[in-house]
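J.: Below you will find the structure I want to go over with you.
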Amino acid sequence: MVKDPVCDVEVEGNEYQTYYRGANFCFCSLQCKQVFDKAPEEYADAAVIDDSEMPA
Ligand SMILES: [Zn+2]
């Protein structure tokens with residue numbers, strides 16, 4: 001199971017996912033995916049621990 005970085009809920013399926021900064025993020029709903037897609041840096045920073053330190 002992976003965590004939905006937007007609403008912090010554990011999701012099982014891979015129905016809604018997006019690829020960002022070399023990592024795959026899964027979401028509980030299309031809504032959460034859209035929220036993430038709008039501001040991925042806000043959520044990805046919390047989810048991805050060790051990644052390239054690129055300025056936004
Ligand atoms: Zn969600």
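In the structure tokens, each chain is lettered A, B, ... as it comes, each chain's residues begin at 1, and ligands are numbered from 1 in order of appearance.
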Within chain A, find each residue whose DSSP state, derived from the backbone, is strand (DSSP E or B), and express the selection as number ranges by chain.
T.: A: 2-3, 10-11, 16-20, 23-27
J.: Would you please extract all helix (DSSP H, G or I) residues from chain A, as assigned by DSSP on the backbone, and give them as a list in words?
T.: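 Output for chain A, helix (DSSP H, G or I) only: Leu30, Gln31, Cys32, Lys33, Gln34, Val35, Phe36, Asp37, Lys38, Pro40, Glu41, Glu42, Tyr43, Ala44, Asp45, Ala46 and Ala47 of chain A.
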J.: Save the residues we just selected, C-alpha atoms, as a PDB file, in the first residue's frame?
T.:
```
ATOM      1  CA  LEU A  30      -9.089  11.757  -9.335  1.00  0.00           C
ATOM      2  CA  GLN A  31      -9.665  14.823  -7.231  1.00  0.00           C
ATOM      3  CA  CYS A  32      -6.545  14.216  -5.181  1.00  0.00           C
ATOM      4  CA  LYS A  33      -4.563  13.572  -8.320  1.00  0.00           C
ATOM      5  CA  GLN A  34      -5.659  16.898  -9.734  1.00  0.00           C
ATOM      6  CA  VAL A  35      -4.758  18.684  -6.537  1.00  0.00           C
ATOM      7  CA  PHE A  36      -1.320  17.121  -6.677  1.00  0.00           C
ATOM      8  CA  ASP A  37      -0.861  17.940 -10.337  1.00  0.00           C
ATOM      9  CA  LYS A  38      -1.590  21.577  -9.623  1.00  0.00           C
ATOM     10  CA  PRO A  40       3.240  18.754  -7.013  1.00  0.00           C
ATOM     11  CA  GLU A  41       6.139  20.384  -5.196  1.00  0.00           C
ATOM     12  CA  GLU A  42       3.945  21.011  -2.189  1.00  0.00           C
ATOM     13  CA  TYR A  43       3.108  17.367  -1.720  1.00  0.00           C
ATOM     14  CA  ALA A  44       6.049  15.599  -3.262  1.00  0.00           C
ATOM     15  CA  ASP A  45       8.484  17.212  -0.868  1.00  0.00           C
ATOM     16  CA  ALA A  46       6.797  15.446   1.988  1.00  0.00           C
ATOM     17  CA  ALA A  47       6.594  12.152   0.197  1.00  0.00           C
TER      18      ALA A  47
END
```
J.: Give me, as a VMD selection string, the set of residues whose atoms come within 12 Å of any atom of ligand 1, counting only C-alpha atoms and all ligand atoms.
T.: chain A and resid 2 to 13 15 to 17 25 to 36 43
